[in-house]
Amino acid sequence: MPDEQVPPWEGDFRILSLDGGGIRGLFAAAVLAHLEQDLQIQITDHFDLITGTSTGGIIAIGLGLGMRPKALVDFYTGHGPAIFPSSGICLRRWLRFLYRTLWRHRYDSKPLESALRTAIGERLFGESTKRLVIPSYDLGHDQVRVFRTPHHSRLRRDWQFPAWKVAMATTAAPTYFPAWKGIEKTRLVDGGVWANNPTLVGLVEATSTLNVPWDAIRILSIGTCDDVTRHPDRLDSGGLIAWRTAGVNVAMRGQSVGTNNMVELLLGRDRVHRLDPRVPMGVFALDKCNTDEHLAIAARESLHFCPRFNEVFRPHIAKPYYPSYPVPDYSI
């Protein structure tokens, strides 16, 4: 039920939702950059709330802290190779990579941390100029963890954390990176384990916390390119080995598709706009960047979607967001 202390939201409400997907977040960033350039706008002016999981969380936090989508494109192209280094052809390097893949996390999280701190500095999560909702998962207590800006009077803790730490918490993908323990010593992992498509998370936040009427909401949901996949027959009766690789992809796609279907049923299909183009299997991976292909697909999809964005989202100018209580300015 809506919080009785919050009056009903007046006017329209727009949500931007950004999927997880590793380096494939380049697609979402590039789509937003094209829309800004084509329409000569600032994308955040047209959304009241932004939610993002994993790589989508990086984009959401960056947008909230004033980064433009083009700068986020540069983030992926510039830092991607260091975050997800190739195993190369050196036998020793390949064996080390194989060991990590089988027994430990695949990548060191230090390059990702360094990239985030370089991009957004030590600014606090609460310094965002947009309402943000960032899913993670508390592995130690076996429960969901959602980081939220102080857009309600009861949200009094998350704003204090450096934004890069929140980004680390939502991107700590199991098997790829270790759990992130930099926030209150909690074992946090990628929000994609339960909300890889965070559209429903954003919808719940709008209706329950902000008391937004259902019919006032429109959502732009951007994925990270959906593989055209035929799952092998061996999965029908497969065990741990058969499912080890396919299981993550099946779970992420199942959650994403299920979430989109539920949100469309709740709001109506005409209120939910989803960009998640199908691509041939094997073209993209969470940790392998095909920059030219990503940018080409983003250019095409943004071109086709631009008239719809111009019709549905551009006319809406988001109300100014002010934290529900003063956030100290530590920059002074």
# chains A, B, ... in the order shown; residues from 1 in each chain; ligands from 1
>>> closest_atom_pairs(of="range 90-200 of chain A", to="range 34-50 of chain A", cutoff="12 Å", atoms="only C-alpha atoms", output="CSV")
residue,atom,partner,partner_atom,distance
A:Ser128,CA,A:Ile50,CA,10.7
A:Thr129,CA,A:Thr44,CA,9.2
A:Lys130,CA,A:Leu49,CA,6.3
A:Arg131,CA,A:Leu49,CA,4.8
A:Leu132,CA,A:Ile50,CA,5.1
A:Val133,CA,A:Ile50,CA,6.5
A:Ile134,CA,A:Ile50,CA,8.6
A:Pro135,CA,A:Ile50,CA,11.6
A:Phe147,CA,A:Ile50,CA,11.9
A:Arg148,CA,A:Ile50,CA,10.3
A:Thr149,CA,A:Leu49,CA,10.1
A:His151,CA,A:Leu49,CA,9.9
A:Pro198,CA,A:Ile50,CA,9.8
A:Thr199,CA,A:Ile50,CA,9.5
A:Leu200,CA,A:Ile50,CA,11.9
>>> write_last_selection(atoms="N, CA and C atoms", output="PDB file, in the first residue's frame")
ATOM      1  N   SER A 128      23.348  12.366  -5.830  1.00  0.00           N
ATOM      2  CA  SER A 128      22.649  12.222  -7.107  1.00  0.00           C
ATOM      3  C   SER A 128      21.550  13.264  -7.240  1.00  0.00           C
ATOM      4  N   THR A 129      21.405  13.786  -8.441  1.00  0.00           N
ATOM      5  CA  THR A 129      20.348  14.758  -8.711  1.00  0.00           C
ATOM      6  C   THR A 129      19.072  14.082  -9.216  1.00  0.00           C
ATOM      7  N   LYS A 130      19.089  12.771  -9.279  1.00  0.00           N
ATOM      8  CA  LYS A 130      17.913  11.996  -9.684  1.00  0.00           C
ATOM      9  C   LYS A 130      17.632  10.941  -8.617  1.00  0.00           C
ATOM     10  N   ARG A 131      16.390  10.533  -8.514  1.00  0.00           N
ATOM     11  CA  ARG A 131      16.051   9.412  -7.640  1.00  0.00           C
ATOM     12  C   ARG A 131      16.640   8.134  -8.253  1.00  0.00           C
ATOM     13  N   LEU A 132      17.392   7.399  -7.460  1.00  0.00           N
ATOM     14  CA  LEU A 132      18.029   6.170  -7.939  1.00  0.00           C
ATOM     15  C   LEU A 132      17.599   4.982  -7.093  1.00  0.00           C
ATOM     16  N   VAL A 133      17.440   3.838  -7.761  1.00  0.00           N
ATOM     17  CA  VAL A 133      17.153   2.577  -7.090  1.00  0.00           C
ATOM     18  C   VAL A 133      18.083   1.535  -7.694  1.00  0.00           C
ATOM     19  N   ILE A 134      19.011   1.001  -6.880  1.00  0.00           N
ATOM     20  CA  ILE A 134      20.071   0.132  -7.371  1.00  0.00           C
ATOM     21  C   ILE A 134      20.029  -1.213  -6.635  1.00  0.00           C
ATOM     22  N   PRO A 135      19.636  -2.298  -7.289  1.00  0.00           N
ATOM     23  CA  PRO A 135      19.563  -3.606  -6.626  1.00  0.00           C
ATOM     24  C   PRO A 135      20.934  -4.253  -6.434  1.00  0.00           C
ATOM     25  N   PHE A 147      19.772  -0.233  -2.834  1.00  0.00           N
ATOM     26  CA  PHE A 147      20.299   1.073  -2.467  1.00  0.00           C
ATOM     27  C   PHE A 147      19.408   2.150  -3.077  1.00  0.00           C
ATOM     28  N   ARG A 148      18.983   3.093  -2.230  1.00  0.00           N
ATOM     29  CA  ARG A 148      18.059   4.130  -2.682  1.00  0.00           C
ATOM     30  C   ARG A 148      18.519   5.507  -2.215  1.00  0.00           C
ATOM     31  N   THR A 149      18.386   6.458  -3.109  1.00  0.00           N
ATOM     32  CA  THR A 149      18.667   7.841  -2.732  1.00  0.00           C
ATOM     33  C   THR A 149      17.630   8.304  -1.707  1.00  0.00           C
ATOM     34  N   HIS A 151      14.951   9.818  -1.259  1.00  0.00           N
ATOM     35  CA  HIS A 151      13.736  10.422  -1.805  1.00  0.00           C
ATOM     36  C   HIS A 151      12.515  10.137  -0.931  1.00  0.00           C
ATOM     37  N   PRO A 198      15.566  -4.558 -13.804  1.00  0.00           N
ATOM     38  CA  PRO A 198      15.021  -3.952 -12.588  1.00  0.00           C
ATOM     39  C   PRO A 198      13.739  -3.148 -12.790  1.00  0.00           C
ATOM     40  N   THR A 199      13.056  -3.357 -13.902  1.00  0.00           N
ATOM     41  CA  THR A 199      11.858  -2.568 -14.192  1.00  0.00           C
ATOM     42  C   THR A 199      10.814  -2.687 -13.089  1.00  0.00           C
ATOM     43  N   LEU A 200      10.592  -3.900 -12.613  1.00  0.00           N
ATOM     44  CA  LEU A 200       9.595  -4.096 -11.561  1.00  0.00           C
ATOM     45  C   LEU A 200      10.035  -3.435 -10.256  1.00  0.00           C
TER      46      LEU A 200
END
>>> closest_residue(among="A:Ile219, A:Asp226, A:Gly22, A:Ala163", to="Leu266 in chain A", atoms="only C-alpha atoms")
A:Ile219
>>> residues_around(residues="Ala60 in chain A", least_positions_apart="4", cutoff="7 Å", atoms="only C-alpha atoms", output="PyMOL selection string")
chain A and resi 50-52+56+64
>>> residues_around(residues="Arg271 in chain A", least_positions_apart="4", cutoff="8 Å", atoms="only C-alpha atoms", output="list in words")
Ile217, Arg218, Ile219, Glu264 and Leu267 of chain A
>>> write_last_selection(atoms="N, CA, C and O atoms", output="PDB file, in the first residue's frame")
ATOM      1  N   ILE A 217       2.293   6.429 -14.952  1.00  0.00           N
ATOM      2  CA  ILE A 217       3.640   5.901 -15.177  1.00  0.00           C
ATOM      3  C   ILE A 217       3.850   5.443 -16.619  1.00  0.00           C
ATOM      4  O   ILE A 217       2.997   4.780 -17.208  1.00  0.00           O
ATOM      5  N   ARG A 218       5.002   5.818 -17.168  1.00  0.00           N
ATOM      6  CA  ARG A 218       5.506   5.259 -18.420  1.00  0.00           C
ATOM      7  C   ARG A 218       6.962   4.850 -18.171  1.00  0.00           C
ATOM      8  O   ARG A 218       7.686   5.521 -17.441  1.00  0.00           O
ATOM      9  N   ILE A 219       7.373   3.757 -18.787  1.00  0.00           N
ATOM     10  CA  ILE A 219       8.700   3.201 -18.514  1.00  0.00           C
ATOM     11  C   ILE A 219       9.471   2.983 -19.811  1.00  0.00           C
ATOM     12  O   ILE A 219       8.931   2.435 -20.779  1.00  0.00           O
ATOM     13  N   GLU A 264       4.279  -5.338 -18.073  1.00  0.00           N
ATOM     14  CA  GLU A 264       3.322  -5.039 -19.148  1.00  0.00           C
ATOM     15  C   GLU A 264       1.900  -5.391 -18.734  1.00  0.00           C
ATOM     16  O   GLU A 264       0.945  -4.674 -19.066  1.00  0.00           O
ATOM     17  N   LEU A 267       0.821  -2.585 -16.104  1.00  0.00           N
ATOM     18  CA  LEU A 267       0.654  -1.226 -16.619  1.00  0.00           C
ATOM     19  C   LEU A 267      -0.075  -1.172 -17.954  1.00  0.00           C
ATOM     20  O   LEU A 267      -0.710  -0.167 -18.278  1.00  0.00           O
TER      21      LEU A 267
END
>>> closest_residue(among="A:Arg117, A:Arg308, A:Arg145, A:Lys181", to="Asp158 in chain A", atoms="only C-alpha atoms")
A:Arg145
>>> closest_residue(among="A:Ser324, A:Thr259, A:Thr186, A:Thr224", to="His294 in chain A", atoms="only C-alpha atoms")
A:Thr224
